[in-house]
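Q: First the structure, which I've put down as structure tokens, then a few questions once you've had a look.
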Amino acid sequence: MNKQSLSKIFAVIKVLFGTAAKKYPGFFVVEVIKTLATVGQPFVGILLSPLIIDEIAGGRDIKKMVIYAAAIIITEAILTIIIDRCNTVLNKYGERLSNYFVILIGKHAMELDFQLTEDKAVLEQIEKARTGMDWYSGGVHGIAEQVFMFLGNVFKIVGFITVIAIHAPLLLAVVAVCVVINVFFVTKRNKIELEAFAKLSKVNRLFGYFGWNIVDPRYGKDIRLYEAQGTMLDAWRSNTDKSNKHWKWQADTQFPYSLAEGILSVLRSVFAYFYVALLAIKGYYSVGTFSQLVASEGALDATLAGLVWNITEIVKRCNYAYEYVVFMNYPAAMVKGDKPVIKKPHAIEFKHVSFMYPGTEKKVLDDISIKIQPGEHLSIVGLNGAGKTTFIKLLCRLYDPTEGEILLDGVNIKEYDYKQYMEQFAPVFQDFKLFALTFRENIVFEEKDEELEELIKLVGLEEMVKKLDKGVDTNLFKFFDEEGVEPSGGEQQKLAIARALYKDSPVVILDEPTAALDPVAEYDIYRQFNTLVGGRSAFYISHRLSSCKFCDRIAVFHGGKIAEYGTHDELERIPGGIYAEMFEAQAKYYK
Ligand code: ADP
């Protein structure tokens, strides 16, 4: 084991056990009780049975024998019951712990800087963290079992060694030599296994591909129409042959080492019996002690093997679980300040802002400068891909500009407390998501009825809600509730708007809020826009230019730049202007 994997193990144990102990300290108390009972168990027999044997061989006092036997049986029974009980409790804790860690991963994933959530490496890390804490490692429960077993085995080994050392120190020396030789054999075998695993994983992947695709109904049509059965089966067969060949290679190569291990074990046992028996015959100790030594030697052997297994398991499991540690420590992508922000109308300024998405070379925004006064309503228009949504993402600090700066009330937004800054914005993105909760929970996230009714009316969902038996307490979608409703795209959009308005942030952002609405609903939203938004600042992205009329100013995005900027009347009069042309083209349909 190298230094790196050792530090991984300590990191995993520290983080996992620390987190688990804070939430469920009882789990570790039970683990300790179980370990103590497990350590005690073999010693009951080892320490007490010689007394019975010597009594049989010598004293023949029935009363004493019965007392010893009873002591063994009762103590062992009590220890077994304790261990059993502990296991039941630990399994329950195990369930709770694994749920708890799934929640922690989810929580951390939601709190990550947004730009990281579009990063492939991060998405992979989330998946690795999840599976790493799953059956791969057995989670905290699986790892703790091995760690405590390891500690227990160390104590047992110390105990067995002590027993043997008192009466037959030479046996101990022989055992030690055998252990060293054995470690050599085991290492050899493990190496071969790893080599075979590396070779097999490719074969297994192919095996899975052919094996599964043959039975996957989605491939059914193509397999039949392109007569792929033969090819698939041949490929599968040849793959199976390869796989079998690797298994055979592994078994053949490992065989001499397994054989040597077996022979060594037999030789050691033979020596142990002869040596220990010889000392007993020579009268160094009683028959009882002889049986005690034989039992200790056997137990020591088994426990050493157990210890080796514990170590391999701990290394393996911690390696998987380490992905969780990596994920939870994922570095923040953004600098965050600590200046407080209060909810009030804000002056917003973009100063020479340029932006490229991480991992790309294209300037999606190119030297944007614009000032928005407190309470101003700005309409943003432009062709698809002009950078409108990106502009909003930068404003909401989901990403930081590549060049230039964004100021809120004259201060660079990086200097503000991130959470408080986020509270200033209530955006409805094009790809907004509603949750499979009730209407109420989707909008207000808590109970406050008066405002909720007002909002439902404002966004035009009153009719729909009235028709529902449970009104605003009806569940959306059918994930959790058979009787949940599936709102149409337009209804969902209205709900999303209501949710944004409820947030009561000084800046409202609607990114094509009417895309899924029918013309009547759209007209309603427009008509009520000023009531809806009130004195708040508003950013309004829309393809329908008629909606621009009720905004104070319009910014026309084109090729990552603000090509035109002004009021509707000003822009309409620019000869050959982008806005004037777009407006003219659309007006035809509305006239
Ligand atoms: P608009 O809202 O004006 O339609 P966007 O701001 O959504 O335009 O997109 C501007 C450009 O940025 C487009 O070319 C788009 O493909 C690109 N883009 C958007 N999101 C990402 C992303 N997460 N990663 C890389 N490129 C992106």
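Going by the structure tokens order, chains are called A, B, ..., each with residues numbered from 1, while ligands are numbered from 1 in the order shown.
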Would you give me, as a tab-separated table, each residue of chain A having an atom within 6 Å of an atom of ligand 1, along with its shortest atom pair and that distance in Å to one decimal, using only C-alpha atoms and all ligand atoms and sorting by chain and residue number?
A:
```
residue	atom	partner	partner_atom_place_in_ligand_line	distance
A:Tyr357	CA	ligand 1	25 (C)	4.9
A:Val364	CA	ligand 1	11 (C)	5.2
A:Asn384	CA	ligand 1	4 (O)	3.7
A:Gly385	CA	ligand 1	8 (O)	3.4
A:Ala386	CA	ligand 1	3 (O)	3.8
A:Gly387	CA	ligand 1	6 (O)	3.3
A:Lys388	CA	ligand 1	3 (O)	3.8
A:Thr389	CA	ligand 1	2 (O)	3.7
A:Thr390	CA	ligand 1	6 (O)	3.7
```
Q: For segment 520-566 of chain A against segment 413-433 of chain A, with a cut-off of 10 Å and counting only C-alpha atoms, what is the closest atom pair and its distance in Å to one decimal for every residue that makes the cut, ordered by chain and number, as CSV?
A:
```
residue,atom,partner,partner_atom,distance
A:Ser537,CA,A:Phe425,CA,9.6
A:Ala538,CA,A:Ala426,CA,9.5
A:Phe539,CA,A:Pro427,CA,8.8
A:Tyr540,CA,A:Pro427,CA,9.8
A:Ile541,CA,A:Gln430,CA,9.8
```
Q: Compile the contact shell of Val147 of chain A as a list in words: residues with an atom at most 8 Å away, counting only C-alpha atoms, same-chain residues fewer than 3 positions apart removed.
A: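 Near neighbours after the sequence-gap exclusion: Ile143, Ala144, Phe150, Leu151, Asn310 and Ile314 of chain A.
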Q: For Glu118 of chain A, list every protein, DNA or RNA residue within 12 Å, evaluated using only C-alpha atoms, and leave out those in the same chain fewer than 3 positions away; present the list as a count of residues only.
A: 16
Q: Ranking A:Ser286, A:Ile72, A:Gly375, A:Thr162 by minimum distance to Gly58 of chain A and counting only C-alpha atoms, which one comes first?
A: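 Comparing A:Ser286, A:Ile72, A:Gly375, A:Thr162 against Gly58 of chain A, the winner is A:Ser286.
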Q: Using only C-alpha atoms, which residues sit within 9 Å of Lys23 of chain A once same-chain residues fewer than 5 positions away are excluded, as a VMD selection string?
A: chain A and resid 18 97 100
Q: Between atom CA of Phe160 of chain A and atom CA of Leu6 of chain A, measure the distance and give it in Å to one decimal.
A: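 Here the two named atoms are 27.4 Å from each other.
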Q: Report as a PyMOL selection string all protein, DNA and RNA residues lying within 9 Å of Glu572 of chain A, evaluated on only C-alpha atoms, omitting residues in the same chain fewer than 4 positions from it.
A: chain A and resi 567-568+577+579-581+583-584
Q: Go ahead and save the picked residues with all heavy atoms, as a PDB file, in the first residue's frame.
A:
```
ATOM      1  N   THR A 567     -35.682  53.636 -27.324  1.00  0.00           N
ATOM      2  CA  THR A 567     -37.097  53.350 -27.108  1.00  0.00           C
ATOM      3  C   THR A 567     -37.662  52.766 -28.404  1.00  0.00           C
ATOM      4  O   THR A 567     -37.013  52.804 -29.450  1.00  0.00           O
ATOM      5  CB  THR A 567     -37.882  54.636 -26.779  1.00  0.00           C
ATOM      6  OG1 THR A 567     -37.770  55.501 -27.916  1.00  0.00           O
ATOM      7  CG2 THR A 567     -37.333  55.323 -25.556  1.00  0.00           C
ATOM      8  N   HIS A 568     -38.886  52.267 -28.310  1.00  0.00           N
ATOM      9  CA  HIS A 568     -39.521  51.685 -29.498  1.00  0.00           C
ATOM     10  C   HIS A 568     -39.577  52.718 -30.616  1.00  0.00           C
ATOM     11  O   HIS A 568     -39.202  52.435 -31.760  1.00  0.00           O
ATOM     12  CB  HIS A 568     -40.936  51.209 -29.126  1.00  0.00           C
ATOM     13  CG  HIS A 568     -41.759  50.806 -30.308  1.00  0.00           C
ATOM     14  ND1 HIS A 568     -41.576  49.614 -30.965  1.00  0.00           N
ATOM     15  CD2 HIS A 568     -42.745  51.470 -30.968  1.00  0.00           C
ATOM     16  CE1 HIS A 568     -42.432  49.542 -31.968  1.00  0.00           C
ATOM     17  NE2 HIS A 568     -43.160  50.658 -31.997  1.00  0.00           N
ATOM     18  N   GLY A 577     -32.688  49.645 -40.015  1.00  0.00           N
ATOM     19  CA  GLY A 577     -32.277  49.109 -38.713  1.00  0.00           C
ATOM     20  C   GLY A 577     -32.807  47.688 -38.523  1.00  0.00           C
ATOM     21  O   GLY A 577     -33.799  47.301 -39.131  1.00  0.00           O
ATOM     22  N   TYR A 579     -34.089  46.369 -35.795  1.00  0.00           N
ATOM     23  CA  TYR A 579     -35.369  46.390 -35.088  1.00  0.00           C
ATOM     24  C   TYR A 579     -36.481  46.804 -36.042  1.00  0.00           C
ATOM     25  O   TYR A 579     -37.540  46.156 -36.099  1.00  0.00           O
ATOM     26  CB  TYR A 579     -35.291  47.354 -33.901  1.00  0.00           C
ATOM     27  CG  TYR A 579     -36.565  47.381 -33.081  1.00  0.00           C
ATOM     28  CD1 TYR A 579     -36.815  46.411 -32.120  1.00  0.00           C
ATOM     29  CD2 TYR A 579     -37.516  48.383 -33.279  1.00  0.00           C
ATOM     30  CE1 TYR A 579     -37.982  46.418 -31.375  1.00  0.00           C
ATOM     31  CE2 TYR A 579     -38.687  48.402 -32.540  1.00  0.00           C
ATOM     32  CZ  TYR A 579     -38.919  47.425 -31.583  1.00  0.00           C
ATOM     33  OH  TYR A 579     -40.069  47.441 -30.861  1.00  0.00           O
ATOM     34  N   ALA A 580     -36.231  47.874 -36.781  1.00  0.00           N
ATOM     35  CA  ALA A 580     -37.253  48.383 -37.691  1.00  0.00           C
ATOM     36  C   ALA A 580     -37.677  47.291 -38.672  1.00  0.00           C
ATOM     37  O   ALA A 580     -38.868  47.074 -38.902  1.00  0.00           O
ATOM     38  CB  ALA A 580     -36.725  49.602 -38.444  1.00  0.00           C
ATOM     39  N   GLU A 581     -36.687  46.543 -39.170  1.00  0.00           N
ATOM     40  CA  GLU A 581     -37.002  45.481 -40.142  1.00  0.00           C
ATOM     41  C   GLU A 581     -37.775  44.339 -39.497  1.00  0.00           C
ATOM     42  O   GLU A 581     -38.750  43.846 -40.039  1.00  0.00           O
ATOM     43  CB  GLU A 581     -35.717  44.947 -40.784  1.00  0.00           C
ATOM     44  CG  GLU A 581     -35.240  45.851 -41.909  1.00  0.00           C
ATOM     45  CD  GLU A 581     -34.106  45.229 -42.721  1.00  0.00           C
ATOM     46  OE1 GLU A 581     -33.729  44.074 -42.439  1.00  0.00           O
ATOM     47  OE2 GLU A 581     -33.608  45.926 -43.620  1.00  0.00           O
ATOM     48  N   PHE A 583     -39.563  44.468 -36.820  1.00  0.00           N
ATOM     49  CA  PHE A 583     -40.897  44.937 -36.427  1.00  0.00           C
ATOM     50  C   PHE A 583     -41.828  44.969 -37.633  1.00  0.00           C
ATOM     51  O   PHE A 583     -42.973  44.531 -37.572  1.00  0.00           O
ATOM     52  CB  PHE A 583     -40.809  46.324 -35.782  1.00  0.00           C
ATOM     53  CG  PHE A 583     -42.093  46.707 -35.094  1.00  0.00           C
ATOM     54  CD1 PHE A 583     -42.411  46.180 -33.845  1.00  0.00           C
ATOM     55  CD2 PHE A 583     -42.995  47.572 -35.699  1.00  0.00           C
ATOM     56  CE1 PHE A 583     -43.603  46.506 -33.218  1.00  0.00           C
ATOM     57  CE2 PHE A 583     -44.184  47.903 -35.077  1.00  0.00           C
ATOM     58  CZ  PHE A 583     -44.478  47.367 -33.828  1.00  0.00           C
ATOM     59  N   GLU A 584     -41.282  45.466 -38.724  1.00  0.00           N
ATOM     60  CA  GLU A 584     -42.058  45.558 -39.968  1.00  0.00           C
ATOM     61  C   GLU A 584     -42.526  44.156 -40.391  1.00  0.00           C
ATOM     62  O   GLU A 584     -43.691  43.935 -40.712  1.00  0.00           O
ATOM     63  CB  GLU A 584     -41.167  46.191 -41.059  1.00  0.00           C
ATOM     64  CG  GLU A 584     -41.874  46.503 -42.368  1.00  0.00           C
ATOM     65  CD  GLU A 584     -43.094  47.411 -42.164  1.00  0.00           C
ATOM     66  OE1 GLU A 584     -43.066  48.255 -41.229  1.00  0.00           O
ATOM     67  OE2 GLU A 584     -44.069  47.252 -42.915  1.00  0.00           O
TER      68      GLU A 584
END
```
Q: What lies within 12 Å of Ser258 of chain A using only C-alpha atoms, ignoring chain neighbours under 2 positions off, as a PyMOL selection string?
A: chain A and resi 182-190+192+250-256+260-265
